[in-house]
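Dropping data_0.cif in here (mmCIF, C-alpha atoms and all ligand atoms):
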```cif
data_my_file
loop_
_atom_site.label_atom_id
_atom_site.label_comp_id
_atom_site.auth_asym_id
_atom_site.auth_seq_id
_atom_site.Cartn_x
_atom_site.Cartn_y
_atom_site.Cartn_z
CA MET A 1 6.61 13.17 1.04
CA ARG A 2 9.16 14.81 -1.26
CA GLY A 3 8.62 18.15 -3.10
CA TYR A 4 8.38 18.38 -6.90
CA SER A 5 6.89 21.83 -7.41
CA LYS A 6 8.87 23.05 -10.46
CA LEU A 7 7.62 20.46 -12.99
CA SER A 8 4.35 20.20 -14.96
CA SER A 9 1.85 17.79 -13.42
CA ASN A 10 2.52 14.89 -15.84
CA ASN A 11 6.25 15.30 -15.40
CA ILE A 12 5.86 15.59 -11.65
CA TYR A 13 4.04 12.26 -11.51
CA HIS A 14 6.58 10.62 -13.80
CA GLU A 15 9.46 11.94 -11.68
CA MET A 16 7.74 10.84 -8.48
CA ILE A 17 7.27 7.29 -9.76
CA ILE A 18 10.90 7.02 -10.86
CA ASP A 19 12.17 8.60 -7.65
CA TYR A 20 10.07 6.50 -5.29
CA SER A 21 10.92 3.33 -7.17
CA ARG A 22 14.64 4.05 -6.94
CA ASN A 23 14.54 5.32 -3.37
CA PRO A 24 11.50 3.75 -1.78
CA LEU A 25 10.16 5.13 1.48
CA ASN A 26 9.45 2.77 4.37
CA PHE A 27 11.29 -0.09 2.70
CA GLY A 28 12.40 -2.82 5.08
CA GLU A 29 11.21 -4.96 7.94
CA ILE A 30 9.73 -4.24 11.37
CA GLU A 31 11.10 -6.49 14.06
CA GLY A 32 8.32 -7.52 16.41
CA CYS A 33 5.55 -6.22 14.14
CA ASP A 34 1.94 -6.93 15.09
CA VAL A 35 0.96 -8.26 11.70
CA THR A 36 2.61 -9.13 8.42
CA HIS A 37 1.20 -10.14 5.07
CA HIS A 38 2.61 -11.33 1.78
CA ASP A 39 1.10 -11.34 -1.69
CA SER A 40 2.26 -11.38 -5.29
CA ASN A 41 1.21 -10.83 -8.86
CA PRO A 42 1.95 -14.30 -10.24
CA LEU A 43 1.93 -13.31 -13.92
CA CYS A 44 4.83 -10.87 -13.55
CA GLY A 45 6.43 -12.55 -10.54
CA ASP A 46 6.50 -9.43 -8.41
CA SER A 47 5.96 -9.98 -4.72
CA LEU A 48 5.79 -7.86 -1.59
CA ASP A 49 5.61 -8.27 2.17
CA MET A 50 4.21 -5.61 4.49
CA ASP A 51 4.68 -5.31 8.26
CA LEU A 52 2.52 -3.15 10.52
CA LYS A 53 2.80 -2.09 14.12
CA PHE A 54 -0.10 -0.55 16.07
CA GLU A 55 -0.19 1.66 19.13
CA ASP A 56 -3.30 3.15 20.75
CA GLY A 57 -5.47 2.29 17.76
CA ARG A 58 -3.07 3.88 15.28
CA VAL A 59 -0.46 2.59 12.85
CA SER A 60 2.75 3.47 14.63
CA ASP A 61 4.97 1.96 11.93
CA VAL A 62 4.65 0.32 8.54
CA LYS A 63 7.27 -1.11 6.20
CA PHE A 64 7.25 -3.09 2.99
CA ARG A 65 9.86 -5.11 1.12
CA GLY A 66 10.14 -7.27 -1.96
CA LYS A 67 10.35 -6.70 -5.68
CA GLY A 68 8.06 -4.98 -8.12
CA CYS A 69 7.99 -2.67 -11.11
CA ALA A 70 8.40 1.11 -10.73
CA ILE A 71 4.65 1.71 -10.35
CA CYS A 72 4.32 -1.05 -7.76
CA ILE A 73 7.19 0.23 -5.60
CA ALA A 74 6.17 3.89 -5.98
CA CYS A 75 2.59 3.13 -4.93
CA SER A 76 3.85 1.10 -1.97
CA SER A 77 5.97 4.08 -0.88
CA VAL A 78 3.06 6.48 -1.15
CA LEU A 79 0.63 4.13 0.57
CA THR A 80 2.92 3.50 3.53
CA GLU A 81 3.45 7.26 3.91
CA ILE A 82 -0.31 7.83 3.94
CA VAL A 83 -0.92 5.06 6.46
CA LYS A 84 1.71 5.98 9.04
CA GLY A 85 0.17 7.56 12.13
CA LYS A 86 -3.42 7.06 10.90
CA SER A 87 -6.13 5.46 13.01
CA VAL A 88 -7.18 1.92 12.17
CA GLU A 89 -10.56 3.24 11.00
CA ASP A 90 -8.93 5.78 8.66
CA VAL A 91 -6.65 3.11 7.23
CA ARG A 92 -9.62 0.85 6.76
CA SER A 93 -11.38 3.46 4.65
CA ILE A 94 -8.53 4.02 2.17
CA GLN A 95 -9.78 3.37 -1.36
CA LYS A 96 -7.91 2.61 -4.55
CA GLY A 97 -8.63 6.10 -5.91
CA ASP A 98 -6.73 7.61 -2.95
CA ILE A 99 -3.54 5.86 -4.06
CA LEU A 100 -3.98 6.23 -7.83
CA SER A 101 -4.60 9.98 -7.57
CA GLU A 102 -1.44 10.53 -5.50
CA LEU A 103 0.64 9.51 -8.54
CA GLY A 104 -1.66 10.62 -11.38
CA LEU A 105 -2.56 7.02 -12.19
CA GLU A 106 -6.36 7.37 -12.35
CA HIS A 107 -6.40 6.33 -16.01
CA LEU A 108 -3.92 3.50 -15.74
CA GLN A 109 -4.50 0.63 -18.20
CA ALA A 110 -6.28 -2.34 -16.69
CA VAL A 111 -3.19 -4.54 -17.09
CA ARG A 112 -1.14 -2.20 -14.88
CA ILE A 113 -3.75 -1.72 -12.17
CA LYS A 114 -2.45 -4.77 -10.36
CA CYS A 115 0.96 -3.06 -10.17
CA ALA A 116 -0.50 0.02 -8.51
CA LEU A 117 -2.79 -1.84 -6.13
CA LEU A 118 -0.73 -4.81 -4.91
CA SER A 119 0.38 -2.94 -1.78
CA LEU A 120 -3.18 -1.78 -0.99
CA LYS A 121 -4.41 -5.35 -1.36
CA ILE A 122 -1.70 -6.49 1.06
CA LEU A 123 -2.52 -3.68 3.49
CA LYS A 124 -6.21 -4.58 3.55
CA PHE A 125 -5.46 -8.27 4.13
CA ALA A 126 -2.98 -7.36 6.89
CA LEU A 127 -5.54 -5.12 8.57
CA TYR A 128 -8.09 -7.90 8.29
CA LYS A 129 -5.71 -10.30 10.04
CA HIS A 130 -5.11 -7.76 12.78
CA LEU A 131 -8.77 -6.88 13.34
CA ALA A 132 -10.00 -10.47 13.12
CA LYS A 133 -8.00 -11.22 16.30
CA THR A 134 -10.13 -8.81 18.35
CA HIS A 135 -13.32 -8.37 16.28
CA THR A 136 -14.71 -11.85 16.72
CA ASP A 137 -18.18 -10.66 15.60
CA GLY A 138 -17.13 -10.94 11.95
CA SER A 139 -17.02 -7.18 11.35
CA ALA A 140 -13.55 -7.45 9.83
CA GLU A 141 -14.74 -9.82 7.09
CA SER A 142 -15.62 -7.03 4.65
CA LEU A 143 -11.93 -6.07 4.52
CA LYS A 144 -11.05 -9.49 3.16
CA GLU A 145 -13.73 -9.17 0.48
CA GLU A 146 -12.58 -5.66 -0.37
CA ALA A 147 -8.96 -6.82 -0.70
CA SER A 148 -9.92 -9.77 -2.90
CA GLY A 149 -12.02 -7.55 -5.15
CA LEU A 150 -9.46 -4.76 -5.71
CA TYR A 151 -8.40 -6.13 -9.12
FE1 LIG B 201 4.49 -6.83 -11.78
FE2 LIG B 201 4.08 -4.32 -12.01
S1 LIG B 201 4.80 -5.64 -13.56
S2 LIG B 201 3.72 -5.50 -10.28
#
```
The structure given in the file should be rewritten as structure tokens.
Amino acid sequence: MRGYSKLSSNNIYHEMIIDYSRNPLNFGEIEGCDVTHHDSNPLCGDSLDMDLKFEDGRVSDVKFRGKGCAICIACSSVLTEIVKGKSVEDVRSIQKGDILSELGLEHLQAVRIKCALLSLKILKFALYKHLAKTHTDGSAESLKEEASGLY
């Protein structure tokens, strides 16, 4: 991720959100991805797609695309950076607090939470789709519930 060490913490977070929203990381499409998922926040009309590729039980690549507000795109950038190279189990255990704290959004108003967590919701659904192919014992089901209950 980029460095912002000369600013105060509030300013750092503000700068990060603006910067990531203008120059998102991992924005685009993965040709031949293993799984893709789309979701939106119907009230504001923002919508995202996320593609994932896996290799040896790890996320070898992840990209997202679509439109969203600054918080939504910044959180998607941060989330995809966190996820890249991680094991499926580590990705599975990512919680909303892990994303919110990266951008100082722990006290975000309830109405904006959906902006910050849309990409995490998509990631959890995508992982569910991927794991459900091989985990036929139903052990992937909790991911779907987790994704649905994020906000
Ligand atoms: Fe729609 Fe933020 S206003 S995702």
(request) Name the residues, by chain letter and number, that sit within 9 Å of ligand LIG 201 (chain B) using all atoms listed in the file, and give them as a list in words. (result)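 Residues satisfying the distance criterion: Ser40, Asn41, Pro42, Leu43, Cys44, Gly45, Asp46, Ser47, Lys67, Gly68, Cys69, Ala70, Ile71, Cys72, Ile73, Val111, Arg112, Ile113, Lys114, Cys115, Ala116, Leu117 and Leu118 of chain A.
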(message) Show me, as number ranges by chain, the residues that have an atom within 8 Å of Leu25 (chain A) when counting all atoms listed in the file, minus same-chain residues fewer than 2 positions from it.
(response) A: 20, 23, 27, 77-78, 80-81
Generate the output file for the selected residues, C-alpha atoms, as a PDB file, keeping the file's coordinate frame.
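File result_2.pdb, as written:
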```pdb
ATOM      1  CA  TYR A  20      10.070   6.500  -5.290  1.00  0.00           C
ATOM      2  CA  ASN A  23      14.540   5.320  -3.370  1.00  0.00           C
ATOM      3  CA  PHE A  27      11.290  -0.090   2.700  1.00  0.00           C
ATOM      4  CA  SER A  77       5.970   4.080  -0.880  1.00  0.00           C
ATOM      5  CA  VAL A  78       3.060   6.480  -1.150  1.00  0.00           C
ATOM      6  CA  THR A  80       2.920   3.500   3.530  1.00  0.00           C
ATOM      7  CA  GLU A  81       3.450   7.260   3.910  1.00  0.00           C
TER       8      GLU A  81
END
```
Could you give me, as CSV, every region 52-136 of chain A residue with an atom at most 10 Å from region 140-146 of chain A, plus its closest atom pair and distance in Å to one decimal, counting only C-alpha atoms, rows ordered by chain then number?
```
residue,atom,partner,partner_atom,distance
A:Arg92,CA,A:Leu143,CA,7.6
A:Ser93,CA,A:Leu143,CA,9.5
A:Gln95,CA,A:Glu146,CA,9.5
A:Lys121,CA,A:Glu146,CA,8.2
A:Leu123,CA,A:Leu143,CA,9.8
A:Lys124,CA,A:Leu143,CA,6.0
A:Phe125,CA,A:Lys144,CA,5.8
A:Ala126,CA,A:Lys144,CA,9.1
A:Leu127,CA,A:Leu143,CA,7.6
A:Tyr128,CA,A:Leu143,CA,5.7
A:Lys129,CA,A:Ala140,CA,8.3
A:His130,CA,A:Ala140,CA,8.9
A:Leu131,CA,A:Ala140,CA,6.0
A:Ala132,CA,A:Ala140,CA,5.7
A:Lys133,CA,A:Ala140,CA,9.3
A:Thr134,CA,A:Ala140,CA,9.3
A:His135,CA,A:Ala140,CA,6.5
A:Thr136,CA,A:Ala140,CA,8.3
```
How about saving the chosen residues, C-alpha atoms kept, as an mmCIF file, in the frame of the given file?
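Result file selection.cif:
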```
data_model
loop_
_atom_site.group_PDB
_atom_site.id
_atom_site.type_symbol
_atom_site.label_atom_id
_atom_site.label_comp_id
_atom_site.auth_asym_id
_atom_site.auth_seq_id
_atom_site.Cartn_x
_atom_site.Cartn_y
_atom_site.Cartn_z
ATOM 1 C CA ARG A 92 -9.620 0.850 6.760
ATOM 2 C CA SER A 93 -11.380 3.460 4.650
ATOM 3 C CA GLN A 95 -9.780 3.370 -1.360
ATOM 4 C CA LYS A 121 -4.410 -5.350 -1.360
ATOM 5 C CA LEU A 123 -2.520 -3.680 3.490
ATOM 6 C CA LYS A 124 -6.210 -4.580 3.550
ATOM 7 C CA PHE A 125 -5.460 -8.270 4.130
ATOM 8 C CA ALA A 126 -2.980 -7.360 6.890
ATOM 9 C CA LEU A 127 -5.540 -5.120 8.570
ATOM 10 C CA TYR A 128 -8.090 -7.900 8.290
ATOM 11 C CA LYS A 129 -5.710 -10.300 10.040
ATOM 12 C CA HIS A 130 -5.110 -7.760 12.780
ATOM 13 C CA LEU A 131 -8.770 -6.880 13.340
ATOM 14 C CA ALA A 132 -10.000 -10.470 13.120
ATOM 15 C CA LYS A 133 -8.000 -11.220 16.300
ATOM 16 C CA THR A 134 -10.130 -8.810 18.350
ATOM 17 C CA HIS A 135 -13.320 -8.370 16.280
ATOM 18 C CA THR A 136 -14.710 -11.850 16.720
#
```
(request) Could you tell me which of A:Glu102, A:Asp49, A:Glu15, A:Glu89 comes closest to Cys75 (chain A) if we count all atoms listed in the file? (result)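 The answer is A:Glu102, which sits nearest to Cys75 (chain A).
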(request) Could you tell me how far CA of Asp56 (chain A) lies from CA of Gly32 (chain A), in Å and to one decimal? (result)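 Here the two named atoms are 16.4 Å from each other.
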(message) For a quick check of understanding, using all atoms listed in the file, which of A:Lys86, A:Asp61, A:Glu29, A:Leu103 has the smallest distance to Asn11 (chain A)?
(response) A:Leu103
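Distances to Phe54 (chain A) were evaluated for A:Lys84, A:His38, A:His107, A:Arg22 using all atoms listed in the file, and the minimum falls at A:Lys84.
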Using only the atoms of region 81-90 of chain A listed in the file, plus 6 Å on each side, state the axis-aligned box centre and edge lengths in Å rounded to one decimal, as AutoDock Vina command-line options.
```
--center_x -3.6 --center_y 4.9 --center_z 8.5 --size_x 26.0 --size_y 17.9 --size_z 21.1
```
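Between CA of Asp98 (chain A) and CA of Gly138 (chain A) lies a distance of 26.0 Å.
Nearest residue to Arg65 (chain A), choosing from A:Ala110, A:Ile82, A:Ile12, A:Ile30 and counting only C-alpha atoms: A:Ile30.
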(message) Report, in Å with one decimal, the straight-line distance from CA of Gly149 (chain A) to CA of Val83 (chain A).
(response) 20.4 Å
(request) Can you work out which one of A:Ile122, A:Leu150, A:Ile99, A:Met16 has the shortest atom-to-atom distance to Asp39 (chain A), counting all atoms listed in the file? (result) A:Ile122
Would you mind writing region 122-143 of chain A with N, CA and C atoms, as a short mmCIF file (atom, residue, chain, number, x, y, z; two decimals), in the frame of the given file?
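This went into selection_36.cif:
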```cif
data_model
loop_
_atom_site.label_atom_id
_atom_site.label_comp_id
_atom_site.auth_asym_id
_atom_site.auth_seq_id
_atom_site.Cartn_x
_atom_site.Cartn_y
_atom_site.Cartn_z
N ILE A 122 -2.44 -5.92 -0.07
CA ILE A 122 -1.70 -6.49 1.06
C ILE A 122 -2.08 -5.78 2.36
N LEU A 123 -2.16 -4.45 2.30
CA LEU A 123 -2.52 -3.68 3.49
C LEU A 123 -3.90 -4.09 4.01
N LYS A 124 -4.85 -4.24 3.11
CA LYS A 124 -6.21 -4.58 3.55
C LYS A 124 -6.27 -5.99 4.13
N PHE A 125 -5.52 -6.91 3.55
CA PHE A 125 -5.46 -8.27 4.13
C PHE A 125 -4.77 -8.24 5.50
N ALA A 126 -3.71 -7.45 5.62
CA ALA A 126 -2.98 -7.36 6.89
C ALA A 126 -3.89 -6.78 7.97
N LEU A 127 -4.62 -5.74 7.62
CA LEU A 127 -5.54 -5.12 8.57
C LEU A 127 -6.64 -6.11 8.97
N TYR A 128 -7.09 -6.86 7.99
CA TYR A 128 -8.09 -7.90 8.29
C TYR A 128 -7.54 -8.88 9.33
N LYS A 129 -6.31 -9.35 9.10
CA LYS A 129 -5.71 -10.30 10.04
C LYS A 129 -5.63 -9.71 11.44
N HIS A 130 -5.25 -8.44 11.49
CA HIS A 130 -5.11 -7.76 12.78
C HIS A 130 -6.47 -7.61 13.47
N LEU A 131 -7.46 -7.13 12.73
CA LEU A 131 -8.77 -6.88 13.34
C LEU A 131 -9.51 -8.17 13.67
N ALA A 132 -9.29 -9.21 12.88
CA ALA A 132 -10.00 -10.47 13.12
C ALA A 132 -9.62 -11.07 14.47
N LYS A 133 -8.44 -10.70 14.98
CA LYS A 133 -8.00 -11.22 16.30
C LYS A 133 -8.91 -10.69 17.41
N THR A 134 -9.33 -9.42 17.28
CA THR A 134 -10.13 -8.81 18.35
C THR A 134 -11.61 -8.68 18.00
N HIS A 135 -11.92 -8.52 16.70
CA HIS A 135 -13.32 -8.37 16.28
C HIS A 135 -13.90 -9.74 15.94
N THR A 136 -14.24 -10.49 16.96
CA THR A 136 -14.71 -11.85 16.72
C THR A 136 -16.16 -11.90 16.22
N ASP A 137 -16.79 -10.71 16.09
CA ASP A 137 -18.18 -10.66 15.60
C ASP A 137 -18.26 -10.72 14.07
N GLY A 138 -17.12 -10.84 13.42
CA GLY A 138 -17.13 -10.94 11.95
C GLY A 138 -17.10 -9.60 11.24
N SER A 139 -16.98 -8.51 11.98
CA SER A 139 -17.02 -7.18 11.35
C SER A 139 -15.77 -6.86 10.51
N ALA A 140 -14.75 -7.69 10.65
CA ALA A 140 -13.55 -7.45 9.83
C ALA A 140 -13.64 -8.13 8.47
N GLU A 141 -14.63 -9.01 8.32
CA GLU A 141 -14.74 -9.82 7.09
C GLU A 141 -14.80 -8.99 5.81
N SER A 142 -15.45 -7.83 5.87
CA SER A 142 -15.62 -7.03 4.65
C SER A 142 -14.27 -6.58 4.09
N LEU A 143 -13.27 -6.46 4.99
CA LEU A 143 -11.93 -6.07 4.52
C LEU A 143 -11.34 -7.13 3.60
#
```
